[in-house]
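Chemist: Take a look at the following structure, please.
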Amino acid sequence: MTMTTCSAPGKIYFFGEHAVVYGEQATACAVDIRTRVTVRPDVEHIINSSIGITGLDMHKHPYVTRCIREMEQFIPDGVRIDISSELPVGSGLGSSAAVTIATLHALSIQFDTGHSLDDIAAMGHEIERTVQGAASPTDTFASTMGGVITIPGRKRLNLPECPIVIGYTGKFSSTSELVANVGELKKKYPQIIEPVISTIGRLSYEGEAAIEGQDYQALGHLMNINHGLLDTLGVGSPELSRLVWASRDAGAWGAKTTGAGGGGCMVAITDRPDEVAAAITSAGGQAIITNATPYGVKVE
Ligand code: MEV
């Protein structure tokens, strides 16, 4: 085989970001916005992305560098890796997980390493943990397996058939800082913040029936409640609130921050995707109309 191309999806959270860090249940949904990685044998290691062309480089390409190191025993000389992504970096849509999972899978196929998808998901999670310091398995698992899944239980739920609109604030947010801030708040006001975190976990359980029954009004209502609780945890921002309210005013069933917050993205579910996308754009965001995808990492 001269080369292998794989793609892996990003994801949104219907429920449970931040709470999942404390062991609560979260519900994530892979979306059809993908990162593509092409792997070909070469005489040395080359990594080519929108960031630039490097060799192994823990500063510029930390995730892909780790992926090559993990698989190095199977690579005879070197490998060239070309990356193109539809996912905005640092947006909370799981761009680092998607590039990690697509790279691991492409390497495993190209060099016939015998890794299963479960192995790829576990290796990807470990790489995210090493690079970021802390990370739940949500992004790497959703990107590997696709579909709607609960974490930590890994239950697969029905795929929602309604359009999903994502609004990007254009602002980078640091997941580790936001996770640390929530930790501080919890330490300062445990009696108040712990119940908020467990209520977010409850929303994920309550949301299962809405997802299984394709009751998008109920799903949207629960997402709205989750958004309010994320604001309570201090991970909101004026931009996120503007996009969330613009979406609701344009008729979305529900809209919330997705991912770590602070900046990054919000997500809305709606039967009026064009109106919601236009409202997000007028409110200063970048809108992406997409849908849930059952396809995790795959060979292209
Ligand atoms: C970030 O996308 C989601 C958080 O829950 C952190 C994590 O799950 O690793 C804030």
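Within each chain, counting starts at residue 1; across the structure tokens, chains are named A, B, ... in the order shown, with ligands numbered 1 upward in that order.
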Excluding Ile269 in chain A and any residue of its chain fewer than 4 positions from it, enumerate the residues within 6 Å of it, using only C-alpha atoms, and give them as a tab-separated table (two decimals) with C-alpha atoms, in the first residue's frame.

Modeler:
chain	number	residue	atom	x	y	z
A	164	ILE	CA	-27.48	20.56	14.38
A	252	ALA	CA	-34.11	26.54	17.97
A	253	TRP	CA	-35.54	23.84	20.26
A	254	GLY	CA	-32.51	24.25	22.47

Chemist: Based on DSSP run over this structure's backbone, return all residues of range 123-205 of chain A in helix (DSSP H, G or I), as a compact mmCIF listing (two decimals) with N, CA and C atoms, in the first residue's frame.

Modeler:
# COMPACT_ATOMS: atom_id res chain seq x y z
N MET A 123 -5.48 4.48 23.15
CA MET A 123 -4.20 5.16 22.89
C MET A 123 -4.43 6.65 22.69
N GLY A 124 -5.50 7.00 21.97
CA GLY A 124 -5.82 8.41 21.72
C GLY A 124 -6.08 9.15 23.02
N HIS A 125 -6.81 8.51 23.92
CA HIS A 125 -7.10 9.14 25.22
C HIS A 125 -5.82 9.37 26.00
N GLU A 126 -4.95 8.37 25.97
CA GLU A 126 -3.66 8.49 26.69
C GLU A 126 -2.83 9.63 26.11
N ILE A 127 -2.84 9.76 24.79
CA ILE A 127 -2.07 10.84 24.14
C ILE A 127 -2.65 12.21 24.55
N GLU A 128 -3.99 12.32 24.55
CA GLU A 128 -4.60 13.60 24.97
C GLU A 128 -4.22 13.93 26.41
N ARG A 129 -4.21 12.88 27.24
CA ARG A 129 -3.85 13.11 28.66
C ARG A 129 -2.41 13.58 28.79
N THR A 130 -1.52 12.96 28.01
CA THR A 130 -0.10 13.34 28.10
C THR A 130 0.10 14.77 27.62
N VAL A 131 -0.56 15.12 26.51
CA VAL A 131 -0.33 16.46 25.94
C VAL A 131 -1.03 17.54 26.78
N GLN A 132 -2.27 17.25 27.23
CA GLN A 132 -3.07 18.29 27.89
C GLN A 132 -2.95 18.29 29.41
N THR A 138 -14.06 11.39 26.46
CA THR A 138 -15.22 11.70 25.61
C THR A 138 -14.84 11.96 24.15
N ASP A 139 -13.90 12.88 23.94
CA ASP A 139 -13.59 13.30 22.56
C ASP A 139 -13.00 12.15 21.76
N THR A 140 -12.04 11.44 22.35
CA THR A 140 -11.37 10.38 21.61
C THR A 140 -12.32 9.21 21.35
N PHE A 141 -13.20 8.91 22.31
CA PHE A 141 -14.14 7.80 22.12
C PHE A 141 -15.18 8.15 21.05
N ALA A 142 -15.74 9.37 21.12
CA ALA A 142 -16.75 9.78 20.13
C ALA A 142 -16.12 9.83 18.74
N SER A 143 -14.88 10.32 18.64
CA SER A 143 -14.24 10.43 17.34
C SER A 143 -13.93 9.05 16.76
N THR A 144 -13.60 8.09 17.61
CA THR A 144 -13.30 6.73 17.12
C THR A 144 -14.58 6.00 16.71
N MET A 145 -15.61 6.08 17.55
CA MET A 145 -16.79 5.21 17.36
C MET A 145 -17.93 5.89 16.60
N THR A 175 -8.95 24.66 27.63
CA THR A 175 -9.71 23.67 28.41
C THR A 175 -9.12 23.51 29.80
N SER A 176 -7.78 23.40 29.89
CA SER A 176 -7.19 23.10 31.20
C SER A 176 -7.44 24.25 32.18
N GLU A 177 -7.39 25.51 31.69
CA GLU A 177 -7.66 26.66 32.57
C GLU A 177 -9.11 26.63 33.07
N LEU A 178 -10.04 26.36 32.13
CA LEU A 178 -11.45 26.38 32.51
C LEU A 178 -11.77 25.24 33.48
N VAL A 179 -11.16 24.07 33.24
CA VAL A 179 -11.37 22.94 34.16
C VAL A 179 -10.82 23.30 35.54
N ALA A 180 -9.66 23.97 35.57
CA ALA A 180 -9.07 24.37 36.85
C ALA A 180 -9.96 25.40 37.56
N ASN A 181 -10.54 26.34 36.79
CA ASN A 181 -11.43 27.35 37.40
C ASN A 181 -12.64 26.70 38.05
N VAL A 182 -13.22 25.70 37.37
CA VAL A 182 -14.38 25.01 37.95
C VAL A 182 -13.95 24.30 39.23
N GLY A 183 -12.76 23.72 39.21
CA GLY A 183 -12.22 23.04 40.40
C GLY A 183 -12.10 24.00 41.57
N GLU A 184 -11.63 25.21 41.29
CA GLU A 184 -11.48 26.24 42.34
C GLU A 184 -12.85 26.61 42.92
N LEU A 185 -13.80 26.82 42.01
CA LEU A 185 -15.15 27.21 42.44
C LEU A 185 -15.77 26.13 43.33
N LYS A 186 -15.53 24.88 42.94
CA LYS A 186 -16.08 23.74 43.68
C LYS A 186 -15.44 23.67 45.08
N LYS A 187 -14.15 23.99 45.13
CA LYS A 187 -13.45 23.97 46.41
C LYS A 187 -13.96 25.09 47.32
N LYS A 188 -14.26 26.23 46.71
CA LYS A 188 -14.69 27.40 47.49
C LYS A 188 -16.12 27.23 48.01
N PRO A 190 -18.35 24.18 47.98
CA PRO A 190 -18.72 22.78 47.68
C PRO A 190 -20.22 22.50 47.78
N GLN A 191 -20.87 23.12 48.80
CA GLN A 191 -22.30 22.83 49.02
C GLN A 191 -23.16 23.29 47.85
N ILE A 192 -22.67 24.31 47.15
CA ILE A 192 -23.46 24.86 46.05
C ILE A 192 -23.06 24.21 44.72
N ILE A 193 -21.77 24.05 44.51
CA ILE A 193 -21.29 23.60 43.19
C ILE A 193 -21.44 22.09 43.01
N GLU A 194 -21.27 21.31 44.08
CA GLU A 194 -21.41 19.85 43.90
C GLU A 194 -22.81 19.46 43.41
N PRO A 195 -23.87 20.04 44.02
CA PRO A 195 -25.21 19.70 43.47
C PRO A 195 -25.40 20.16 42.02
N VAL A 196 -24.76 21.27 41.64
CA VAL A 196 -24.88 21.73 40.23
C VAL A 196 -24.26 20.67 39.32
N ILE A 197 -23.09 20.18 39.72
CA ILE A 197 -22.39 19.17 38.91
C ILE A 197 -23.22 17.88 38.83
N SER A 198 -23.80 17.46 39.96
CA SER A 198 -24.58 16.21 39.88
C SER A 198 -25.88 16.43 39.11
N THR A 199 -26.43 17.65 39.14
CA THR A 199 -27.63 17.91 38.33
C THR A 199 -27.30 17.83 36.84
N ILE A 200 -26.11 18.29 36.46
CA ILE A 200 -25.71 18.18 35.05
C ILE A 200 -25.65 16.69 34.67
N GLY A 201 -25.11 15.86 35.56
CA GLY A 201 -25.10 14.41 35.31
C GLY A 201 -26.51 13.88 35.14
N ARG A 202 -27.46 14.37 35.96
CA ARG A 202 -28.86 13.91 35.88
C ARG A 202 -29.47 14.30 34.52
N LEU A 203 -29.08 15.47 34.03
CA LEU A 203 -29.61 15.92 32.73
C LEU A 203 -29.26 14.91 31.64
N SER A 204 -28.05 14.36 31.73
CA SER A 204 -27.63 13.38 30.73
C SER A 204 -28.52 12.13 30.80
N TYR A 205 -28.86 11.66 32.02
CA TYR A 205 -29.76 10.50 32.14
C TYR A 205 -31.16 10.84 31.62

Chemist: Which residues of chain A come within 8 Å of ligand 1, and for each one, what is the closest pair of atoms and their distance in Å to one decimal, counting only C-alpha atoms and all ligand atoms, sorted by chain and residue number, as JSON lines?

Modeler:
{"residue": "A:Gly16", "atom": "CA", "partner": "ligand 1", "partner_atom_place_in_ligand_line": "5 (O)", "distance": 7.0}
{"residue": "A:Glu17", "atom": "CA", "partner": "ligand 1", "partner_atom_place_in_ligand_line": "5 (O)", "distance": 3.7}
{"residue": "A:His18", "atom": "CA", "partner": "ligand 1", "partner_atom_place_in_ligand_line": "5 (O)", "distance": 3.7}
{"residue": "A:Ala19", "atom": "CA", "partner": "ligand 1", "partner_atom_place_in_ligand_line": "5 (O)", "distance": 6.5}
{"residue": "A:Val20", "atom": "CA", "partner": "ligand 1", "partner_atom_place_in_ligand_line": "5 (O)", "distance": 5.6}
{"residue": "A:Val21", "atom": "CA", "partner": "ligand 1", "partner_atom_place_in_ligand_line": "8 (O)", "distance": 5.6}
{"residue": "A:Gly92", "atom": "CA", "partner": "ligand 1", "partner_atom_place_in_ligand_line": "2 (O)", "distance": 4.8}
{"residue": "A:Leu93", "atom": "CA", "partner": "ligand 1", "partner_atom_place_in_ligand_line": "2 (O)", "distance": 7.0}
{"residue": "A:Gly94", "atom": "CA", "partner": "ligand 1", "partner_atom_place_in_ligand_line": "2 (O)", "distance": 6.6}
{"residue": "A:Ala134", "atom": "CA", "partner": "ligand 1", "partner_atom_place_in_ligand_line": "9 (O)", "distance": 6.4}
{"residue": "A:Ala135", "atom": "CA", "partner": "ligand 1", "partner_atom_place_in_ligand_line": "9 (O)", "distance": 3.5}
{"residue": "A:Ser136", "atom": "CA", "partner": "ligand 1", "partner_atom_place_in_ligand_line": "9 (O)", "distance": 3.8}
{"residue": "A:Pro137", "atom": "CA", "partner": "ligand 1", "partner_atom_place_in_ligand_line": "9 (O)", "distance": 6.9}
{"residue": "A:Thr138", "atom": "CA", "partner": "ligand 1", "partner_atom_place_in_ligand_line": "8 (O)", "distance": 6.1}
{"residue": "A:Asp139", "atom": "CA", "partner": "ligand 1", "partner_atom_place_in_ligand_line": "2 (O)", "distance": 7.2}
{"residue": "A:Thr175", "atom": "CA", "partner": "ligand 1", "partner_atom_place_in_ligand_line": "1 (C)", "distance": 5.7}
{"residue": "A:Ser176", "atom": "CA", "partner": "ligand 1", "partner_atom_place_in_ligand_line": "6 (C)", "distance": 7.6}
{"residue": "A:Leu178", "atom": "CA", "partner": "ligand 1", "partner_atom_place_in_ligand_line": "10 (C)", "distance": 7.0}
{"residue": "A:Val179", "atom": "CA", "partner": "ligand 1", "partner_atom_place_in_ligand_line": "10 (C)", "distance": 5.7}
{"residue": "A:Thr258", "atom": "CA", "partner": "ligand 1", "partner_atom_place_in_ligand_line": "2 (O)", "distance": 7.3}
{"residue": "A:Gly259", "atom": "CA", "partner": "ligand 1", "partner_atom_place_in_ligand_line": "2 (O)", "distance": 3.7}
{"residue": "A:Ala260", "atom": "CA", "partner": "ligand 1", "partner_atom_place_in_ligand_line": "10 (C)", "distance": 4.0}
{"residue": "A:Gly261", "atom": "CA", "partner": "ligand 1", "partner_atom_place_in_ligand_line": "10 (C)", "distance": 7.6}

Chemist: Please, which residues of range 86-258 of chain A, numbered as in this document, come out strand (DSSP E or B) from DSSP, as a PDB file with N, CA and C atoms, in the first residue's frame?

Modeler:
ATOM      1  N   VAL A 148     -24.022   8.727  18.906  1.00  0.00           N
ATOM      2  CA  VAL A 148     -24.308   9.390  20.192  1.00  0.00           C
ATOM      3  C   VAL A 148     -23.965   8.404  21.289  1.00  0.00           C
ATOM      4  N   ILE A 149     -23.131   8.823  22.215  1.00  0.00           N
ATOM      5  CA  ILE A 149     -22.657   7.893  23.236  1.00  0.00           C
ATOM      6  C   ILE A 149     -22.668   8.554  24.614  1.00  0.00           C
ATOM      7  N   THR A 150     -22.845   7.707  25.623  1.00  0.00           N
ATOM      8  CA  THR A 150     -22.707   8.212  26.989  1.00  0.00           C
ATOM      9  C   THR A 150     -21.315   7.869  27.486  1.00  0.00           C
ATOM     10  N   ILE A 151     -20.796   8.756  28.324  1.00  0.00           N
ATOM     11  CA  ILE A 151     -19.505   8.536  28.966  1.00  0.00           C
ATOM     12  C   ILE A 151     -19.745   8.674  30.470  1.00  0.00           C
ATOM     13  N   ARG A 156     -24.643   3.340  23.477  1.00  0.00           N
ATOM     14  CA  ARG A 156     -24.914   3.987  22.190  1.00  0.00           C
ATOM     15  C   ARG A 156     -26.392   4.333  22.112  1.00  0.00           C
ATOM     16  N   LEU A 157     -26.723   5.602  21.852  1.00  0.00           N
ATOM     17  CA  LEU A 157     -28.114   6.030  21.767  1.00  0.00           C
ATOM     18  C   LEU A 157     -28.496   6.238  20.303  1.00  0.00           C
ATOM     19  N   ILE A 164     -28.246  20.019  13.247  1.00  0.00           N
ATOM     20  CA  ILE A 164     -27.478  20.565  14.376  1.00  0.00           C
ATOM     21  C   ILE A 164     -26.758  21.801  13.837  1.00  0.00           C
ATOM     22  N   VAL A 165     -26.885  22.921  14.533  1.00  0.00           N
ATOM     23  CA  VAL A 165     -26.172  24.134  14.100  1.00  0.00           C
ATOM     24  C   VAL A 165     -25.157  24.501  15.178  1.00  0.00           C
ATOM     25  N   ILE A 166     -23.922  24.693  14.736  1.00  0.00           N
ATOM     26  CA  ILE A 166     -22.852  25.062  15.659  1.00  0.00           C
ATOM     27  C   ILE A 166     -22.516  26.520  15.433  1.00  0.00           C
ATOM     28  N   GLY A 167     -22.321  27.243  16.511  1.00  0.00           N
ATOM     29  CA  GLY A 167     -21.903  28.649  16.409  1.00  0.00           C
ATOM     30  C   GLY A 167     -20.541  28.807  17.055  1.00  0.00           C
ATOM     31  N   TYR A 168     -19.589  29.291  16.280  1.00  0.00           N
ATOM     32  CA  TYR A 168     -18.216  29.459  16.780  1.00  0.00           C
ATOM     33  C   TYR A 168     -18.007  30.933  17.117  1.00  0.00           C
ATOM     34  N   GLY A 254     -33.384  24.102  21.307  1.00  0.00           N
ATOM     35  CA  GLY A 254     -32.505  24.250  22.468  1.00  0.00           C
ATOM     36  C   GLY A 254     -31.140  24.701  21.999  1.00  0.00           C
ATOM     37  N   ALA A 255     -30.414  25.387  22.884  1.00  0.00           N
ATOM     38  CA  ALA A 255     -29.073  25.862  22.521  1.00  0.00           C
ATOM     39  C   ALA A 255     -28.234  25.952  23.787  1.00  0.00           C
ATOM     40  N   LYS A 256     -26.990  25.557  23.676  1.00  0.00           N
ATOM     41  CA  LYS A 256     -26.094  25.584  24.841  1.00  0.00           C
ATOM     42  C   LYS A 256     -24.636  25.705  24.404  1.00  0.00           C
ATOM     43  N   THR A 257     -23.819  26.095  25.349  1.00  0.00           N
ATOM     44  CA  THR A 257     -22.372  26.005  25.168  1.00  0.00           C
ATOM     45  C   THR A 257     -22.015  24.540  24.948  1.00  0.00           C
ATOM     46  N   THR A 258     -21.038  24.274  24.084  1.00  0.00           N
ATOM     47  CA  THR A 258     -20.521  22.905  23.979  1.00  0.00           C
ATOM     48  C   THR A 258     -19.009  22.920  24.180  1.00  0.00           C
TER      49      THR A 258
END

Chemist: Can you pull out the residues contacting Ser84 in chain A? Cut-off 7 Å, using only C-alpha atoms, and skip same-chain residues under 4 positions away; I want them as a list of chain:residue names.

Modeler: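 So the residues in contact are A:Thr35, A:Arg36, A:Val37, A:Ser49.
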
Chemist: Grab the residues selected above and save them as an mmCIF file, in the first residue's frame with all heavy atoms.

Modeler:
data_model
loop_
_atom_site.group_PDB
_atom_site.id
_atom_site.type_symbol
_atom_site.label_atom_id
_atom_site.label_comp_id
_atom_site.auth_asym_id
_atom_site.auth_seq_id
_atom_site.Cartn_x
_atom_site.Cartn_y
_atom_site.Cartn_z
ATOM 1 N N THR A 35 -11.689 15.611 10.255
ATOM 2 C CA THR A 35 -10.271 15.844 9.992
ATOM 3 C C THR A 35 -9.760 14.675 9.166
ATOM 4 O O THR A 35 -10.039 13.521 9.501
ATOM 5 C CB THR A 35 -9.484 15.940 11.311
ATOM 6 O OG1 THR A 35 -9.955 17.091 12.015
ATOM 7 C CG2 THR A 35 -7.992 16.075 11.079
ATOM 8 N N ARG A 36 -9.038 14.997 8.067
ATOM 9 C CA ARG A 36 -8.487 13.941 7.192
ATOM 10 C C ARG A 36 -6.980 13.880 7.334
ATOM 11 O O ARG A 36 -6.315 14.925 7.366
ATOM 12 C CB ARG A 36 -8.838 14.221 5.737
ATOM 13 C CG ARG A 36 -10.260 13.898 5.464
ATOM 14 C CD ARG A 36 -10.756 14.101 4.057
ATOM 15 N NE ARG A 36 -12.176 13.731 4.098
ATOM 16 C CZ ARG A 36 -13.149 14.483 4.593
ATOM 17 N NH1 ARG A 36 -12.886 15.688 5.075
ATOM 18 N NH2 ARG A 36 -14.398 14.063 4.627
ATOM 19 N N VAL A 37 -6.481 12.660 7.414
ATOM 20 C CA VAL A 37 -5.042 12.451 7.577
ATOM 21 C C VAL A 37 -4.574 11.427 6.542
ATOM 22 O O VAL A 37 -5.152 10.345 6.450
ATOM 23 C CB VAL A 37 -4.734 11.936 9.004
ATOM 24 C CG1 VAL A 37 -3.282 11.522 9.128
ATOM 25 C CG2 VAL A 37 -5.067 12.995 10.042
ATOM 26 N N SER A 49 0.664 20.324 8.162
ATOM 27 C CA SER A 49 -0.700 20.770 8.470
ATOM 28 C C SER A 49 -0.793 22.261 8.192
ATOM 29 O O SER A 49 0.186 22.871 7.760
ATOM 30 C CB SER A 49 -1.019 20.520 9.950
ATOM 31 O OG SER A 49 -0.346 21.483 10.743
#

Chemist: In Å, with one decimal, what is the gap from CA of Ile289 in chain A to CA of Ala97 in chain A?

Modeler: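 Straight-line distance from CA of Ile289 in chain A to CA of Ala97 in chain A works out to 20.9 Å.
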
Chemist: As a PDB file with N, CA and C atoms, in the first residue's frame, please: the residues near Ile81 in chain A (cut-off 6 Å, only C-alpha atoms, same-chain neighbours under 4 positions excluded).

Modeler:
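Printed below is out28.pdb as written:
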ATOM      1  N   THR A  38      -3.552  11.791   5.768  1.00  0.00           N
ATOM      2  CA  THR A  38      -2.954  10.839   4.827  1.00  0.00           C
ATOM      3  C   THR A  38      -1.558  10.481   5.315  1.00  0.00           C
ATOM      4  N   VAL A  39      -1.296   9.173   5.335  1.00  0.00           N
ATOM      5  CA  VAL A  39      -0.031   8.649   5.827  1.00  0.00           C
ATOM      6  C   VAL A  39       0.670   7.934   4.680  1.00  0.00           C
ATOM      7  N   ILE A  47       5.578  16.066   9.130  1.00  0.00           N
ATOM      8  CA  ILE A  47       4.184  16.359   9.492  1.00  0.00           C
ATOM      9  C   ILE A  47       3.794  17.678   8.821  1.00  0.00           C
TER      10      ILE A  47
END

Chemist: To one decimal place, how far is CA of Thr169 in chain A from CA of Pro294 in chain A in Å?

Modeler: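 Going from CA of Thr169 in chain A over to CA of Pro294 in chain A covers 26.5 Å.
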
Chemist: Which residue gives the smallest distance to Thr4 in chain A among A:Gly213, A:Gly236, A:Gly133, A:Pro41, with only C-alpha atoms counted?

Modeler: A:Pro41
